[in-house]
Structure formats: structure tokens, C-alpha cells
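Below is the file protein38.txt, which contains compact mmCIF, C-alpha atoms and all ligand atoms.
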# COMPACT_ATOMS: atom_id res chain seq x y z
CA MET A 1 -18.40 -124.20 -8.79
CA PRO A 2 -15.64 -125.43 -11.15
CA ALA A 3 -12.15 -124.02 -10.85
CA THR A 4 -11.24 -122.22 -14.02
CA ALA A 5 -7.98 -120.48 -13.19
CA ASN A 6 -5.27 -121.26 -15.64
CA THR A 7 -1.87 -119.94 -16.48
CA ASP A 8 -2.79 -118.84 -20.01
CA THR A 9 -5.69 -116.71 -18.89
CA ILE A 10 -3.64 -115.01 -16.26
CA THR A 11 -0.60 -114.22 -18.35
CA SER A 12 -2.40 -113.33 -21.57
CA LYS A 13 -4.53 -110.69 -19.90
CA SER A 14 -1.73 -109.20 -17.85
CA PRO A 15 -0.31 -105.91 -19.05
CA ALA A 16 2.86 -107.04 -17.30
CA SER A 17 2.88 -110.53 -18.79
CA ASN A 18 6.57 -110.32 -19.50
CA ASP A 19 7.21 -109.63 -15.81
CA ARG A 20 9.00 -112.65 -14.36
CA SER A 21 7.29 -112.40 -10.97
CA VAL A 22 3.81 -112.51 -12.54
CA SER A 23 4.53 -115.56 -14.65
CA ILE A 24 6.12 -117.43 -11.75
CA ALA A 25 3.12 -116.80 -9.53
CA ALA A 26 0.62 -117.62 -12.26
CA HIS A 27 2.36 -120.92 -12.95
CA GLN A 28 2.17 -121.75 -9.25
CA LEU A 29 -1.60 -121.37 -9.26
CA GLY A 30 -1.84 -124.50 -11.40
CA ALA A 31 -3.96 -125.18 -14.43
CA GLY A 32 -7.58 -125.52 -13.50
CA ASN A 33 -7.49 -127.33 -10.18
CA LEU A 34 -7.77 -126.12 -6.65
CA ARG A 35 -4.45 -126.82 -5.01
CA HIS A 36 -3.86 -128.42 -1.62
CA ASP A 37 -0.11 -128.89 -1.87
CA TRP A 38 1.31 -125.41 -1.41
CA GLN A 39 4.96 -125.20 -0.45
CA LEU A 40 6.23 -122.29 1.64
CA ASN A 41 8.68 -121.08 -1.01
CA GLU A 42 5.87 -120.92 -3.60
CA ILE A 43 3.66 -118.92 -1.27
CA ARG A 44 6.57 -116.59 -0.54
CA ALA A 45 7.10 -115.96 -4.26
CA LEU A 46 3.37 -115.27 -4.69
CA TYR A 47 3.14 -113.00 -1.66
CA THR A 48 6.27 -110.93 -2.24
CA GLN A 49 5.79 -110.11 -5.92
CA PRO A 50 5.21 -106.41 -6.70
CA PHE A 51 2.04 -105.20 -5.02
CA ASN A 52 0.27 -104.27 -8.27
CA ASP A 53 1.00 -107.66 -9.81
CA LEU A 54 -0.25 -109.47 -6.71
CA LEU A 55 -3.49 -107.48 -6.65
CA TRP A 56 -4.04 -107.79 -10.39
CA GLN A 57 -3.63 -111.54 -10.21
CA ALA A 58 -5.90 -111.90 -7.18
CA GLN A 59 -8.60 -109.69 -8.74
CA ASN A 60 -8.41 -111.64 -11.99
CA LEU A 61 -8.91 -114.95 -10.17
CA HIS A 62 -11.64 -113.41 -8.06
CA ARG A 63 -13.60 -112.41 -11.18
CA GLN A 64 -13.41 -115.96 -12.52
CA HIS A 65 -15.36 -117.21 -9.53
CA PHE A 66 -17.43 -114.34 -8.17
CA ASN A 67 -19.19 -111.15 -9.09
CA ALA A 68 -16.47 -108.68 -8.08
CA ASN A 69 -19.01 -106.05 -7.01
CA GLN A 70 -20.93 -108.21 -4.56
CA VAL A 71 -20.09 -108.72 -0.91
CA GLN A 72 -21.65 -111.31 1.38
CA ILE A 73 -22.78 -109.89 4.70
CA SER A 74 -22.69 -111.79 7.97
CA THR A 75 -23.59 -110.65 11.45
CA LEU A 76 -21.95 -112.14 14.53
CA LEU A 77 -23.59 -112.30 17.94
CA SER A 78 -21.98 -113.46 21.17
CA ILE A 79 -24.53 -115.85 22.65
CA LYS A 80 -22.43 -116.71 25.70
CA THR A 81 -19.83 -114.16 26.69
CA GLY A 82 -16.77 -114.39 28.95
CA GLY A 83 -15.43 -116.88 31.46
CA CYS A 84 -13.60 -118.98 28.86
CA PRO A 85 -11.01 -121.38 30.32
CA GLU A 86 -8.74 -121.13 27.26
CA ASP A 87 -5.76 -118.75 27.27
CA CYS A 88 -5.84 -117.24 23.75
CA LYS A 89 -3.52 -114.28 24.27
CA TYR A 90 -5.58 -111.90 22.16
CA CYS A 91 -8.95 -112.63 23.74
CA PRO A 92 -10.73 -110.51 26.35
CA GLN A 93 -13.09 -113.41 27.11
CA SER A 94 -10.37 -115.60 28.63
CA VAL A 95 -10.50 -116.05 32.42
CA HIS A 96 -6.71 -115.80 32.41
CA TYR A 97 -6.71 -112.04 31.79
CA ASN A 98 -8.24 -109.12 33.57
CA THR A 99 -10.02 -107.10 30.92
CA GLY A 100 -13.06 -106.10 32.94
CA LEU A 101 -15.34 -108.32 30.88
CA GLY A 102 -17.95 -110.16 32.91
CA ARG A 103 -19.19 -113.72 32.52
CA GLU A 104 -22.69 -114.10 31.08
CA LYS A 105 -25.09 -116.99 30.64
CA LEU A 106 -26.30 -118.32 27.31
CA LEU A 107 -28.70 -115.78 25.78
CA ASP A 108 -32.34 -116.72 25.69
CA LYS A 109 -34.04 -117.55 22.42
CA GLN A 110 -36.04 -114.34 22.10
CA ARG A 111 -32.94 -112.13 22.33
CA VAL A 112 -31.27 -114.18 19.62
CA VAL A 113 -34.35 -114.07 17.38
CA ASP A 114 -34.59 -110.28 17.82
CA ALA A 115 -30.93 -109.88 16.87
CA ALA A 116 -31.30 -112.21 13.86
CA ARG A 117 -34.35 -110.31 12.64
CA ALA A 118 -32.53 -106.97 12.96
CA ALA A 119 -29.52 -108.40 11.10
CA ARG A 120 -31.73 -109.66 8.25
CA GLU A 121 -33.47 -106.30 7.99
CA ALA A 122 -30.05 -104.60 7.79
CA GLY A 123 -29.12 -106.82 4.82
CA ALA A 124 -27.31 -109.79 6.40
CA SER A 125 -27.70 -113.20 4.75
CA ARG A 126 -25.88 -115.19 7.42
CA PHE A 127 -26.17 -115.04 11.19
CA CYS A 128 -23.19 -116.30 13.20
CA MET A 129 -23.33 -117.11 16.90
CA GLY A 130 -20.29 -117.49 19.14
CA ALA A 131 -20.02 -118.99 22.61
CA ALA A 132 -16.92 -118.70 24.81
CA TRP A 133 -16.52 -122.39 25.63
CA ARG A 134 -13.51 -124.68 25.40
CA GLN A 135 -15.91 -127.31 24.10
CA PRO A 136 -19.68 -127.54 24.43
CA THR A 137 -21.35 -130.19 26.59
CA ASP A 138 -24.08 -132.28 25.00
CA ARG A 139 -26.60 -130.18 26.96
CA ASN A 140 -25.08 -127.02 25.50
CA ILE A 141 -25.48 -128.50 22.03
CA ASP A 142 -29.19 -129.15 22.61
CA LYS A 143 -29.73 -125.55 23.69
CA VAL A 144 -27.76 -124.15 20.76
CA ILE A 145 -29.77 -126.31 18.35
CA GLU A 146 -32.90 -124.48 19.48
CA LEU A 147 -31.21 -121.19 18.64
CA VAL A 148 -30.02 -122.44 15.26
CA GLN A 149 -33.53 -123.54 14.35
CA ALA A 150 -35.01 -120.22 15.46
CA VAL A 151 -32.51 -118.31 13.28
CA ARG A 152 -33.22 -120.57 10.31
CA ASP A 153 -36.90 -119.80 10.74
CA GLU A 154 -35.98 -116.15 10.17
CA GLY A 155 -34.67 -117.09 6.72
CA LEU A 156 -30.97 -116.72 7.48
CA GLU A 157 -28.02 -119.03 6.95
CA THR A 158 -26.59 -120.17 10.27
CA CYS A 159 -23.02 -120.42 11.54
CA ILE A 160 -21.86 -121.18 15.06
CA THR A 161 -18.55 -121.26 16.87
CA LEU A 162 -18.55 -123.14 20.17
CA GLY A 163 -14.97 -124.38 20.51
CA MET A 164 -13.82 -127.95 19.97
CA LEU A 165 -16.46 -130.29 18.66
CA LYS A 166 -16.78 -134.08 18.91
CA ALA A 167 -17.78 -136.07 15.83
CA GLU A 168 -21.22 -136.99 17.20
CA GLN A 169 -21.92 -133.36 18.15
CA ALA A 170 -21.06 -132.26 14.62
CA HIS A 171 -23.48 -134.84 13.21
CA LYS A 172 -26.21 -133.70 15.58
CA LEU A 173 -25.75 -130.07 14.50
CA LYS A 174 -25.83 -131.05 10.83
CA ALA A 175 -29.05 -133.03 11.36
CA ALA A 176 -30.56 -129.97 13.07
CA GLY A 177 -29.97 -127.90 9.95
CA LEU A 178 -26.82 -125.92 10.84
CA ASP A 179 -25.06 -124.59 7.72
CA TYR A 180 -21.55 -123.59 8.87
CA TYR A 181 -19.26 -124.29 11.80
CA ASN A 182 -16.46 -121.82 12.52
CA HIS A 183 -13.19 -122.98 14.02
CA ASN A 184 -10.13 -120.88 13.24
CA LEU A 185 -6.54 -122.08 13.06
CA ASP A 186 -5.46 -118.66 14.38
CA SER A 187 -1.79 -118.74 13.26
CA SER A 188 0.92 -120.84 11.70
CA PRO A 189 1.78 -124.02 13.66
CA GLU A 190 5.20 -122.46 14.41
CA TYR A 191 3.78 -119.33 16.06
CA TYR A 192 0.88 -121.09 17.73
CA GLN A 193 2.63 -121.59 21.09
CA GLN A 194 2.90 -117.80 21.38
CA VAL A 195 -0.87 -117.52 20.94
CA ILE A 196 -2.47 -120.30 22.99
CA THR A 197 -1.21 -123.11 25.21
CA THR A 198 -4.44 -124.74 26.42
CA ARG A 199 -5.47 -126.26 23.09
CA THR A 200 -3.16 -127.89 20.55
CA TYR A 201 -3.01 -127.15 16.84
CA GLN A 202 -3.83 -130.81 16.23
CA GLU A 203 -7.01 -130.48 18.31
CA ARG A 204 -8.09 -127.66 16.00
CA LEU A 205 -7.41 -129.80 12.94
CA ASP A 206 -9.36 -132.66 14.55
CA THR A 207 -12.40 -130.44 15.12
CA LEU A 208 -12.25 -129.28 11.51
CA GLU A 209 -12.15 -132.90 10.40
CA ASN A 210 -15.22 -133.72 12.51
CA VAL A 211 -17.04 -130.76 10.98
CA ARG A 212 -16.16 -131.78 7.40
CA GLU A 213 -17.01 -135.43 8.01
CA ALA A 214 -20.46 -134.44 9.29
CA GLY A 215 -21.10 -132.60 6.02
CA LEU A 216 -21.15 -129.13 7.58
CA LYS A 217 -19.54 -126.26 5.70
CA THR A 218 -16.36 -125.00 7.32
CA CYS A 219 -15.56 -121.43 8.24
CA CYS A 220 -11.88 -121.26 9.14
CA GLY A 221 -9.29 -118.52 9.09
CA GLY A 222 -6.90 -116.78 11.41
CA ILE A 223 -5.59 -113.58 12.93
CA ILE A 224 -2.67 -111.51 11.76
CA GLY A 225 -0.90 -108.60 13.42
CA MET A 226 -0.20 -110.66 16.57
CA GLY A 227 3.55 -110.01 16.38
CA GLU A 228 4.13 -112.93 14.01
CA SER A 229 6.69 -112.89 11.19
CA ARG A 230 5.74 -112.72 7.54
CA ASP A 231 6.68 -116.40 7.25
CA ASP A 232 4.12 -117.13 9.97
CA ARG A 233 1.46 -115.40 7.89
CA LEU A 234 2.50 -117.53 4.93
CA GLY A 235 2.42 -120.61 7.18
CA LEU A 236 -1.17 -119.85 8.21
CA LEU A 237 -2.21 -119.51 4.56
CA GLN A 238 -0.41 -122.75 3.76
CA GLN A 239 -2.32 -124.61 6.48
CA LEU A 240 -5.68 -123.20 5.32
CA ALA A 241 -5.12 -123.91 1.64
CA ASN A 242 -3.70 -127.38 2.26
CA LEU A 243 -6.70 -128.60 4.26
CA PRO A 244 -8.44 -131.51 2.48
CA GLU A 245 -11.13 -129.00 1.39
CA HIS A 246 -10.61 -125.26 1.23
CA PRO A 247 -12.80 -123.70 3.93
CA HIS A 248 -16.06 -122.37 2.46
CA SER A 249 -15.47 -119.14 4.37
CA VAL A 250 -12.06 -117.79 5.34
CA PRO A 251 -12.20 -114.99 7.93
CA ILE A 252 -8.98 -112.99 8.06
CA ASN A 253 -8.83 -110.98 11.27
CA LEU A 254 -6.52 -108.09 12.06
CA LEU A 255 -5.71 -108.23 15.76
CA VAL A 256 -7.82 -105.87 17.84
CA GLN A 257 -5.56 -105.03 20.76
CA VAL A 258 -7.50 -105.19 24.01
CA GLU A 259 -6.03 -103.76 27.18
CA GLY A 260 -5.40 -106.48 29.74
CA THR A 261 -4.62 -109.19 27.18
CA PRO A 262 -0.98 -110.26 26.68
CA MET A 263 -1.08 -109.10 23.06
CA HIS A 264 -1.98 -105.56 23.94
CA GLY A 265 0.88 -103.35 22.78
CA VAL A 266 2.37 -105.61 20.08
CA GLU A 267 3.76 -103.76 17.07
CA GLU A 268 0.97 -102.83 14.69
CA LEU A 269 0.89 -104.45 11.28
CA ASP A 270 1.46 -102.38 8.13
CA GLU A 271 -1.96 -102.23 6.46
CA LEU A 272 -0.47 -103.03 3.05
CA GLU A 273 0.80 -106.28 4.57
CA PHE A 274 -2.80 -107.03 5.52
CA VAL A 275 -3.88 -106.35 1.91
CA ARG A 276 -1.13 -108.66 0.65
CA THR A 277 -2.41 -111.41 2.95
CA ILE A 278 -5.91 -111.00 1.53
CA ALA A 279 -4.62 -111.12 -2.05
CA ALA A 280 -2.52 -114.22 -1.40
CA ALA A 281 -5.46 -115.94 0.34
CA ARG A 282 -7.69 -115.16 -2.67
CA SER A 283 -5.05 -116.51 -5.08
CA MET A 284 -4.61 -119.73 -3.09
CA MET A 285 -8.30 -120.36 -2.28
CA PRO A 286 -10.10 -118.84 -5.29
CA GLU A 287 -13.52 -120.36 -4.57
CA SER A 288 -13.76 -119.50 -0.87
CA MET A 289 -15.67 -116.59 0.61
CA LEU A 290 -12.92 -114.36 1.98
CA ARG A 291 -14.08 -112.33 4.93
CA LEU A 292 -12.75 -109.10 6.42
CA SER A 293 -13.42 -109.76 10.08
CA ALA A 294 -12.05 -108.19 13.27
CA GLY A 295 -9.92 -105.08 12.85
CA ARG A 296 -12.03 -103.18 10.29
CA GLU A 297 -12.94 -100.56 12.86
CA THR A 298 -9.45 -99.06 12.78
CA MET A 299 -8.94 -99.60 9.04
CA ASN A 300 -9.51 -96.60 6.80
CA ASP A 301 -11.85 -96.79 3.81
CA ALA A 302 -9.00 -96.80 1.30
CA THR A 303 -7.45 -99.90 2.91
CA GLN A 304 -10.81 -101.66 2.93
CA ALA A 305 -11.28 -100.75 -0.75
CA LEU A 306 -7.88 -102.30 -1.49
CA CYS A 307 -8.95 -105.44 0.38
CA PHE A 308 -12.05 -105.74 -1.84
CA LEU A 309 -9.81 -105.22 -4.88
CA ALA A 310 -7.54 -107.97 -3.51
CA GLY A 311 -10.48 -110.39 -3.46
CA ALA A 312 -12.20 -110.00 -0.11
CA ASN A 313 -15.91 -110.60 -0.65
CA SER A 314 -17.48 -110.91 2.76
CA ILE A 315 -17.65 -108.77 5.89
CA PHE A 316 -19.03 -108.87 9.37
CA TYR A 317 -21.67 -106.20 9.63
CA GLY A 318 -23.00 -104.66 12.84
CA GLU A 319 -21.52 -102.41 15.47
CA GLN A 320 -20.19 -105.15 17.74
CA LEU A 321 -18.08 -108.20 16.88
CA LEU A 322 -18.41 -110.55 19.86
CA THR A 323 -16.95 -108.15 22.43
CA THR A 324 -15.04 -105.62 20.32
CA ALA A 325 -16.17 -102.70 18.18
CA ASN A 326 -16.95 -102.96 14.46
CA PRO A 327 -17.70 -100.11 12.01
CA ALA A 328 -21.09 -98.45 12.35
CA THR A 329 -23.68 -99.90 9.98
CA ALA A 330 -24.22 -96.48 8.38
CA ALA A 331 -20.49 -96.16 7.70
CA ASP A 332 -20.49 -99.54 5.96
CA GLN A 333 -23.53 -98.60 3.90
CA GLN A 334 -21.79 -95.41 2.80
CA LEU A 335 -18.62 -97.30 1.91
CA PHE A 336 -20.61 -99.81 -0.15
CA GLN A 337 -22.28 -96.94 -1.97
CA ARG A 338 -19.00 -95.16 -2.69
CA LEU A 339 -17.48 -98.38 -4.04
CA GLY A 340 -20.59 -99.51 -5.96
CA LEU A 341 -20.78 -102.74 -3.94
CA GLN A 342 -24.00 -104.69 -3.51
CA PRO A 343 -24.88 -107.18 -0.77
CA MET A 344 -24.80 -110.77 -2.03
CA ALA A 345 -28.19 -112.46 -1.73
S1 LIG B 1 -10.80 -117.03 21.48
FE1 LIG B 1 -12.51 -118.39 22.00
S2 LIG B 1 -11.49 -120.16 22.92
FE2 LIG B 1 -9.97 -118.50 22.97
S3 LIG B 1 -10.24 -117.54 25.00
FE3 LIG B 1 -11.53 -116.43 23.55
S4 LIG B 1 -13.54 -117.35 23.70
FE4 LIG B 1 -12.09 -118.78 24.60

As C-alpha cells:
Amino acid sequence: MPATANTDTITSKSPASNDRSVSIAAHQLGAGNLRHDWQLNEIRALYTQPFNDLLWQAQNLHRQHFNANQVQISTLLSIKTGGCPEDCKYCPQSVHYNTGLGREKLLDKQRVVDAARAAREAGASRFCMGAAWRQPTDRNIDKVIELVQAVRDEGLETCITLGMLKAEQAHKLKAAGLDYYNHNLDSSPEYYQQVITTRTYQERLDTLENVREAGLKTCCGGIIGMGESRDDRLGLLQQLANLPEHPHSVPINLLVQVEGTPMHGVEELDELEFVRTIAAARSMMPESMLRLSAGRETMNDATQALCFLAGANSIFYGEQLLTTANPATAADQQLFQRLGLQPMA
């Protein structure tokens, strides 16, 4: 899909085109090319402009690339829960924290097929599977390939997240027909040490490179509301947008605070700050699918509506997101109806 954003379009349609903040931000979006060279001060100027200007600009860009009334629906299933050796401080699946979550084996194929079929019948077009591993063994990969092929046979796009991936494993998954591999950056490089110590930021970038090189589509985003500063949120966006290719899907998670994890009890994020992050992500990565992920369960409908206005165009659907709660399917259907949104085919 060609990039069509340009400064003229943005300023000429803006009712506030003589507003300095709008023209600065529009200029920073460049003239027709996706950018991979964002500087922190540019992102700060984009992000901190008046809220209405930021949303107007993001919505305008969004409409140049997508039908603004369509939302892509993904469903996420945990295929191997708990017992993870990593120490991600937000995660109830880590063995380092006592959250009462047990360790389970890899799900068998029939349970995955049943879940995929139910997701498709509920309107999902993509089925994502997550396993709590630091990195899969080659044997794990063979077993997951069987699951990927079974889900493809149900007519769904496939995405998996298994931890760090070697180049040859990525190639094997691509050859087996996998569509997307998810590997999040989680935070800015500066805040990363506060989030996880058992895996380096560079190791995450290396996995993303292996995924891209294999020709798989990347799903990569992060989590906000972990006690980070606004500059850390900008730093995360900078890392995502400055990857050699913008991720095809960008999940933006709002921390779900789970008792027993070190991040339980951190100060909650202002929801308008979350909306700003969505709008800035849309403005910086105008062709990516931008997904509202964890954290929707505690978000009211008005905030979610603002997120769609800010350019979010994908959600996780289904009452469980790995191990935490997600809005009830009926509640999402009602929200879609109230907003006139349609599932993307
Ligand atoms: S986020 Fe993933 S890698 Fe980190 S502890 Fe949880 S399951 Fe393991």
C-alpha cells in the first residue's frame, strides 16, 4: 500500500491550519514516505500538541490508508501457560513471581482447533497463539507447526509468539505457512532494565531481524502504564517506527496489574495519555495495523471510542487474553454496533 501522507493534504484540510503546532507536526510526518528516522524531539512535538490537533491529524492519516470504520479482529490463545523462566515484571506467567498461576503443557491439537473454529465463528480473521517460553526448542517448533497448519486449515491467518527465535526456526515457520510472528519490544531501551533483566533489548531486536529476514510479517509493540515516563513512551514509539520495516501489526498494551507481580500497584496511567500514544503511533506508522491489546477490560467505552478515532484499527477479541481478562464478546459487539464499526475481512 503506497504512503500518501503529505504536508499539503494535512494542513489544507485542517480547520486549525494556522495553528503552529499542527503545521510543525504535519511537516515532521514527511512528504509521502514512511519514515524510519524519528528523533525524540520530533516525537515529543507531535505527541504534546493540543489533543484535538493530535487526534485530527492521526484520523486524517488513518483515512488515507484504511477504512476508518473497519476493525481487524484477532483472538489470542495461550497454548502453553506458566512456568516461564524470564522475569518480565508485569507477567503472571513468570516463575519468579507467586501469582497462583500453574504450569501447563502445550495444548493438544484438538483444543486449539476448537478454539480457532469458535474464534472464526465469532468474527475473528486472525488466530494468535502464545507460549510462555524463553525460546522454543526445535522440537517445540515442530509441534507448533502442526498447530499452525491446523489453524490455517480453518481459514484463519496465523500468528504465534514463542519467545526468542533463531534464524533457521523463523525460516522453518515461514515454510510451514505461518503469517505473523509476535515479539514485543515492551518499553523504551532506557526503561527496559526496570521491566526485564533476563533478556536484553538487543536480543529482542535480533529476533525481530530473524523474523523479517525469513519473510514473516512482524507483530511488535509494547506496554505502557508500567510506571515509565512520557519520554519512555516516546522512546518506545521511536524504536518501533525506526525499525527497518514498520511492524505490520503494532499491539499497544495498557498494563494489567496482576497481584504478585512486581508491577502490581504502580501508578495508573491517565487514559488520555493512552489515547495520545495511540494517535502518535498512528501518525508515525500510518500503514500498520494498530491494535488495542491488554488493558481494554478496565477501559470505558468512551476511551475505546477515542482510541478508534485516534487510529486504532485492531483489537483482541474473546474473554481471555493469555491469562488475564478481556471484555466480554457481547460487550464488544455492542460497542461495535454503537460506533458503526464493522469487522475487517
Ligand atoms: S511476558 Fe512472555 S517471556 Fe516474559 S515472563 Fe511472561 S511469558 Fe515469559

Counting only C-alpha atoms and all ligand atoms, which residues of chain A fall within 8 Å of ligand LIG 1 (chain B), and what is the closest atom pair for each with its distance in Å at one decimal, ordered by chain and rising number, as CSV?
residue,atom,partner,partner_atom,distance
A:Thr81,CA,B:LIG1,S4,7.7
A:Gly82,CA,B:LIG1,S4,6.8
A:Gly83,CA,B:LIG1,FE4,7.9
A:Cys84,CA,B:LIG1,FE4,4.5
A:Pro85,CA,B:LIG1,FE4,6.4
A:Glu86,CA,B:LIG1,S3,4.5
A:Asp87,CA,B:LIG1,S3,5.2
A:Cys88,CA,B:LIG1,FE2,4.4
A:Lys89,CA,B:LIG1,S3,7.5
A:Tyr90,CA,B:LIG1,S1,7.4
A:Cys91,CA,B:LIG1,FE3,4.6
A:Pro92,CA,B:LIG1,FE3,6.6
A:Gln93,CA,B:LIG1,FE3,4.9
A:Ser94,CA,B:LIG1,S3,4.1
A:Val95,CA,B:LIG1,S3,7.6
A:Ala131,CA,B:LIG1,S4,6.8
A:Ala132,CA,B:LIG1,S4,3.8
A:Trp133,CA,B:LIG1,FE4,5.8
A:Arg134,CA,B:LIG1,S2,5.5
A:Leu162,CA,B:LIG1,FE1,7.9
A:Gly163,CA,B:LIG1,S2,6.0
A:Ile196,CA,B:LIG1,FE2,7.7

Please identify every residue of range 188-258 of chain A that has at least one atom no farther than 7 Å from an atom of range 38-50 of chain A, counting all atoms listed in the file, and for each give the shortest atom pair and the distance in Å to one decimal, arranged by chain then increasing number, as CSV.
residue,atom,partner,partner_atom,distance
A:Leu234,CA,A:Ile43,CA,6.5
A:Gly235,CA,A:Leu40,CA,6.9
A:Gln238,CA,A:Trp38,CA,6.1
A:Asn242,CA,A:Trp38,CA,6.5

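In this comparison, which uses all atoms listed in the file, the residue of A:Gln135, A:Thr75, A:Gln70, A:Gln342 approaching Ala115 in chain A most closely is A:Thr75.
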
Please provide the set of residues having any atom within 8 Å of range 213-222 of chain A, restricted to all atoms listed in the file, with same-chain residues fewer than 6 positions apart removed, written as a PDB file with C-alpha atoms, in the frame of the given file.
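out.pdb written:
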ATOM      1  CA  ALA A 167     -17.780-136.070  15.830  1.00  0.00           C
ATOM      2  CA  ALA A 170     -21.060-132.260  14.620  1.00  0.00           C
ATOM      3  CA  HIS A 171     -23.480-134.840  13.210  1.00  0.00           C
ATOM      4  CA  LYS A 174     -25.830-131.050  10.830  1.00  0.00           C
ATOM      5  CA  LEU A 178     -26.820-125.920  10.840  1.00  0.00           C
ATOM      6  CA  ASP A 179     -25.060-124.590   7.720  1.00  0.00           C
ATOM      7  CA  TYR A 180     -21.550-123.590   8.870  1.00  0.00           C
ATOM      8  CA  TYR A 181     -19.260-124.290  11.800  1.00  0.00           C
ATOM      9  CA  ASN A 182     -16.460-121.820  12.520  1.00  0.00           C
ATOM     10  CA  HIS A 183     -13.190-122.980  14.020  1.00  0.00           C
ATOM     11  CA  ASN A 184     -10.130-120.880  13.240  1.00  0.00           C
ATOM     12  CA  LEU A 185      -6.540-122.080  13.060  1.00  0.00           C
ATOM     13  CA  ASP A 186      -5.460-118.660  14.380  1.00  0.00           C
ATOM     14  CA  SER A 187      -1.790-118.740  13.260  1.00  0.00           C
ATOM     15  CA  LEU A 236      -1.170-119.850   8.210  1.00  0.00           C
ATOM     16  CA  LEU A 240      -5.680-123.200   5.320  1.00  0.00           C
ATOM     17  CA  PRO A 247     -12.800-123.700   3.930  1.00  0.00           C
ATOM     18  CA  HIS A 248     -16.060-122.370   2.460  1.00  0.00           C
ATOM     19  CA  SER A 249     -15.470-119.140   4.370  1.00  0.00           C
ATOM     20  CA  VAL A 250     -12.060-117.790   5.340  1.00  0.00           C
ATOM     21  CA  PRO A 251     -12.200-114.990   7.930  1.00  0.00           C
ATOM     22  CA  ILE A 252      -8.980-112.990   8.060  1.00  0.00           C
ATOM     23  CA  ASN A 253      -8.830-110.980  11.270  1.00  0.00           C
TER      24      ASN A 253
END

* Taking (-21.6, -107.0, 6.0) in the file's coordinates as the center, which residues reach within 12 Å of it, counting all atoms listed in the file, put as an NGL selection string? -> :A and (70-76 or 119-120 or 122-128 or 291-293 or 296 or 312-321 or 326-333 or 335-336 or 341-345)

Write the selection just made, keeping C-alpha atoms, as a JSON list (two decimals), keeping the file's coordinate frame?
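Output saved as result_27.json:
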[["chain", "number", "residue", "atom", "x", "y", "z"],
["A", 70, "GLN", "CA", -20.93, -108.21, -4.56],
["A", 71, "VAL", "CA", -20.09, -108.72, -0.91],
["A", 72, "GLN", "CA", -21.65, -111.31, 1.38],
["A", 73, "ILE", "CA", -22.78, -109.89, 4.70],
["A", 74, "SER", "CA", -22.69, -111.79, 7.97],
["A", 75, "THR", "CA", -23.59, -110.65, 11.45],
["A", 76, "LEU", "CA", -21.95, -112.14, 14.53],
["A", 119, "ALA", "CA", -29.52, -108.40, 11.10],
["A", 120, "ARG", "CA", -31.73, -109.66, 8.25],
["A", 122, "ALA", "CA", -30.05, -104.60, 7.79],
["A", 123, "GLY", "CA", -29.12, -106.82, 4.82],
["A", 124, "ALA", "CA", -27.31, -109.79, 6.40],
["A", 125, "SER", "CA", -27.70, -113.20, 4.75],
["A", 126, "ARG", "CA", -25.88, -115.19, 7.42],
["A", 127, "PHE", "CA", -26.17, -115.04, 11.19],
["A", 128, "CYS", "CA", -23.19, -116.30, 13.20],
["A", 291, "ARG", "CA", -14.08, -112.33, 4.93],
["A", 292, "LEU", "CA", -12.75, -109.10, 6.42],
["A", 293, "SER", "CA", -13.42, -109.76, 10.08],
["A", 296, "ARG", "CA", -12.03, -103.18, 10.29],
["A", 312, "ALA", "CA", -12.20, -110.00, -0.11],
["A", 313, "ASN", "CA", -15.91, -110.60, -0.65],
["A", 314, "SER", "CA", -17.48, -110.91, 2.76],
["A", 315, "ILE", "CA", -17.65, -108.77, 5.89],
["A", 316, "PHE", "CA", -19.03, -108.87, 9.37],
["A", 317, "TYR", "CA", -21.67, -106.20, 9.63],
["A", 318, "GLY", "CA", -23.00, -104.66, 12.84],
["A", 319, "GLU", "CA", -21.52, -102.41, 15.47],
["A", 320, "GLN", "CA", -20.19, -105.15, 17.74],
["A", 321, "LEU", "CA", -18.08, -108.20, 16.88],
["A", 326, "ASN", "CA", -16.95, -102.96, 14.46],
["A", 327, "PRO", "CA", -17.70, -100.11, 12.01],
["A", 328, "ALA", "CA", -21.09, -98.45, 12.35],
["A", 329, "THR", "CA", -23.68, -99.90, 9.98],
["A", 330, "ALA", "CA", -24.22, -96.48, 8.38],
["A", 331, "ALA", "CA", -20.49, -96.16, 7.70],
["A", 332, "ASP", "CA", -20.49, -99.54, 5.96],
["A", 333, "GLN", "CA", -23.53, -98.60, 3.90],
["A", 335, "LEU", "CA", -18.62, -97.30, 1.91],
["A", 336, "PHE", "CA", -20.61, -99.81, -0.15],
["A", 341, "LEU", "CA", -20.78, -102.74, -3.94],
["A", 342, "GLN", "CA", -24.00, -104.69, -3.51],
["A", 343, "PRO", "CA", -24.88, -107.18, -0.77],
["A", 344, "MET", "CA", -24.80, -110.77, -2.03],
["A", 345, "ALA", "CA", -28.19, -112.46, -1.73]]

* To do: Would you mind telling me which residue in A:Met284, A:Leu101, A:Ile278, A:Leu208 lies nearest to Ala305 in chain A when using only C-alpha atoms?
  => A:Ile278

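Closest approach to Val256 in chain A from the set A:Leu290, A:Ala279, A:Met299, A:Ala241 is made by A:Met299, with distances taken over all atoms listed in the file.
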
* Asked: Just how far from CA of Asp138 in chain A is CA of Gln169 in chain A, in Å to one decimal?
  -> 7.3 Å

* Near-Tyr97 in chain A list (8 Å; only C-alpha atoms; drop same-chain fewer than 4 positions) as a list in words -> Pro92, Gly260, Thr261 and Pro262 of chain A

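Shortest atom-to-atom contact with Leu165 in chain A among A:Leu205, A:Asp231, A:Glu146, A:Tyr191: A:Leu205, counting only C-alpha atoms.
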
* To do: Choose the residue, out of A:Asn210, A:Ser283, A:Ser229, A:Thr323, that has the smallest atom-to-atom separation from Arg63 in chain A; count only C-alpha atoms.
  => A:Ser283

* Between CA of Leu322 in chain A and CA of Gly177 in chain A, what is the spacing in Å? -> 23.1 Å

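Using only C-alpha atoms, the shortest contact distance between Arg282 in chain A and any of A:Ala58, A:Cys159, A:Ala176, A:Val151 is found at A:Ala58.
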
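Here CA of Ser78 in chain A is placed at a distance of 15.5 Å from CA of Ile141 in chain A.
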